[in-house]
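Inspection log for the structure reproduced underneath, given as structure tokens.
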Amino acid sequence: MTTHPTLRQNTDFPPTEHPLRRSTDPAPHPMRRAEDKAPTRLAVSLVIPALNEARNIPWVFEQIPDCVGEVLLIDGDSHDATVRIATQILPTVRSLKQSGKGKGNALRTGFLAARGDYVVMMDADGSMSPAEIPHFVHFLENGYDFVKGSRFVEGGGSLDITRFRQLGNHALLALVNRLYDATLTDLCYGFCAFRRTFLDQLDLHATGFEIEAEMIVHALRSGLRIAEVPSLELPRRNGRSNLHAISDGRRVLKTLLSERPGGQKATAQPASAPLERSAS
């Protein structure tokens, strides 16, 4: 079943100064709706992997909404001032060193350390707006187990993805939809949220960028109730991406093939999980 609830502009937040915003950045809390309920403090853990993101952390931390009870910065042995700046901006941040290398390892380190009922993952480069988090949490509070952002559902978009990456994403997405009889609209996008009680069912082992696909495949296979919500991907604010489209795409493909129903690593029968999408 697919629903398209109407999003309303929330006017409860006083205007603030945002000196680091671009003219193309969305307004604060673009996805918040009047009917969204504020979750209990400490109910939401925000996990942010970071490697040399000192120039981007201020913008990201500036927009973290009040519903987030704890922020976990998972540092990949940065040689810049990432950790120091994060601590200066948000003294309560929990800064952890990841146990190995790669984005997947960093995320798994953060997930295991999180204490909230809900866990949200997002990048540290400014390409994802923390102001969208309440929209993700809304669906977790209303019966969904796993919520993923989509750049290609109505209301979403990307100001950063290249034509080559978009074609690769669509090809890998088509494979997932075929293998699991799903109707997802985005795959390789790391803005997701889930109930922490389902961490064991997600059974994550990936070490690199392929963890995003692994999470979705395991959520589908475990029969978790999934919601897709529109998300606007912004350009990285500063620096160069650690993503390598070809090599990381191969890792994603390898993960999908090894995890396919009947494959070597697939130990459970594929489950048809209900999918709901929200559009503005």
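Here's how to read the names in the structure tokens: chain A, B, ... by the order shown, residue numbers from 1 in each chain, ligand numbers from 1 in the order shown.
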
Distance query range 85-97 of chain A at most 12 Å, only C-alpha atoms, self and fewer than 3 positions along chain excluded, as a VMD selection string: chain A and resid 45 to 64 68 to 78 80 to 82 100 to 102 105 to 115 124

With 12 Å as the cut-off and only C-alpha atoms counted, what is the closest atom pair between each nearby residue of range 163-270 of chain A and range 132-135 of chain A? Distances in Å to one decimal, ordered by chain and number, as JSON lines.
{"residue": "A:Phe191", "atom": "CA", "partner": "A:Ile133", "partner_atom": "CA", "distance": 9.2}
{"residue": "A:Cys192", "atom": "CA", "partner": "A:Ile133", "partner_atom": "CA", "distance": 9.2}
{"residue": "A:Ala193", "atom": "CA", "partner": "A:Ile133", "partner_atom": "CA", "distance": 8.6}
{"residue": "A:Phe194", "atom": "CA", "partner": "A:Ile133", "partner_atom": "CA", "distance": 11.7}
{"residue": "A:Ala227", "atom": "CA", "partner": "A:His135", "partner_atom": "CA", "distance": 10.8}
{"residue": "A:Glu228", "atom": "CA", "partner": "A:His135", "partner_atom": "CA", "distance": 10.5}
{"residue": "A:Val229", "atom": "CA", "partner": "A:His135", "partner_atom": "CA", "distance": 7.7}
{"residue": "A:Pro230", "atom": "CA", "partner": "A:Glu132", "partner_atom": "CA", "distance": 9.1}
{"residue": "A:Ser231", "atom": "CA", "partner": "A:Glu132", "partner_atom": "CA", "distance": 7.4}
{"residue": "A:Leu232", "atom": "CA", "partner": "A:Glu132", "partner_atom": "CA", "distance": 9.0}
{"residue": "A:Glu233", "atom": "CA", "partner": "A:Glu132", "partner_atom": "CA", "distance": 11.0}

Excluding range 142-144 of chain A and its own-chain neighbours fewer than 6 positions away, which residues fall within 8 Å of it when counting only C-alpha atoms? Please give them as an mmCIF file with all heavy atoms, in the first residue's frame.
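Saved file around.cif follows:
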data_model
loop_
_atom_site.group_PDB
_atom_site.id
_atom_site.type_symbol
_atom_site.label_atom_id
_atom_site.label_comp_id
_atom_site.auth_asym_id
_atom_site.auth_seq_id
_atom_site.Cartn_x
_atom_site.Cartn_y
_atom_site.Cartn_z
ATOM 1 N N LEU A 224 10.841 -6.645 7.630
ATOM 2 C CA LEU A 224 10.600 -5.411 8.366
ATOM 3 C C LEU A 224 9.660 -4.507 7.577
ATOM 4 O O LEU A 224 9.664 -4.503 6.353
ATOM 5 C CB LEU A 224 11.912 -4.684 8.637
ATOM 6 C CG LEU A 224 12.979 -5.429 9.443
ATOM 7 C CD1 LEU A 224 14.124 -4.497 9.799
ATOM 8 C CD2 LEU A 224 12.392 -6.047 10.705
ATOM 9 N N ARG A 225 8.882 -3.742 8.293
ATOM 10 C CA ARG A 225 7.964 -2.819 7.649
ATOM 11 C C ARG A 225 8.746 -1.571 7.256
ATOM 12 O O ARG A 225 9.275 -0.860 8.108
ATOM 13 C CB ARG A 225 6.814 -2.456 8.586
ATOM 14 C CG ARG A 225 5.649 -1.793 7.862
ATOM 15 C CD ARG A 225 4.484 -1.561 8.792
ATOM 16 N NE ARG A 225 3.366 -1.009 8.043
ATOM 17 C CZ ARG A 225 2.443 -0.220 8.576
ATOM 18 N NH1 ARG A 225 2.515 0.105 9.853
ATOM 19 N NH2 ARG A 225 1.458 0.224 7.848
ATOM 20 N N ILE A 226 8.837 -1.302 5.965
ATOM 21 C CA ILE A 226 9.708 -0.263 5.423
ATOM 22 C C ILE A 226 8.891 0.910 4.900
ATOM 23 O O ILE A 226 7.866 0.727 4.244
ATOM 24 C CB ILE A 226 10.578 -0.824 4.284
ATOM 25 C CG1 ILE A 226 11.440 -1.996 4.790
ATOM 26 C CG2 ILE A 226 11.455 0.260 3.680
ATOM 27 C CD1 ILE A 226 12.201 -2.695 3.695
ATOM 28 N N ALA A 227 9.369 2.105 5.181
ATOM 29 C CA ALA A 227 8.791 3.321 4.602
ATOM 30 C C ALA A 227 9.883 4.056 3.849
ATOM 31 O O ALA A 227 11.021 4.147 4.312
ATOM 32 C CB ALA A 227 8.202 4.212 5.686
#

Could you work out how far CA of Thr185 in chain A lies from CA of Val44 in chain A, giving the answer in Å with one decimal?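 Going from CA of Val44 in chain A over to CA of Thr185 in chain A, I get 25.4 Å.
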
At what distance in Å, to one decimal, does CA of Phe146 in chain A lie from CA of Arg251 in chain A?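 Taking CA of Arg251 in chain A as the start and CA of Phe146 in chain A as the end point, the length is 22.8 Å.
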
Using DSSP secondary structure from the backbone, list all alpha helix (DSSP H) positions within range 14-225 of chain A, as a VMD selection string. chain A and resid 57 to 62 82 to 89 103 to 113 133 to 140 163 to 180 199 to 202 211 to 221

Could you pull out the strand (DSSP E or B) residues of range 165-220 of chain A, going by DSSP on the backbone, and write them as a count of residues only? 4

Go through A:Leu253, A:Gly104, A:Gly223, A:Lys148 and flag the residue nearest Leu173 in chain A, using only C-alpha atoms for the distances.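 Closest to Leu173 in chain A of all the choices is A:Leu253.
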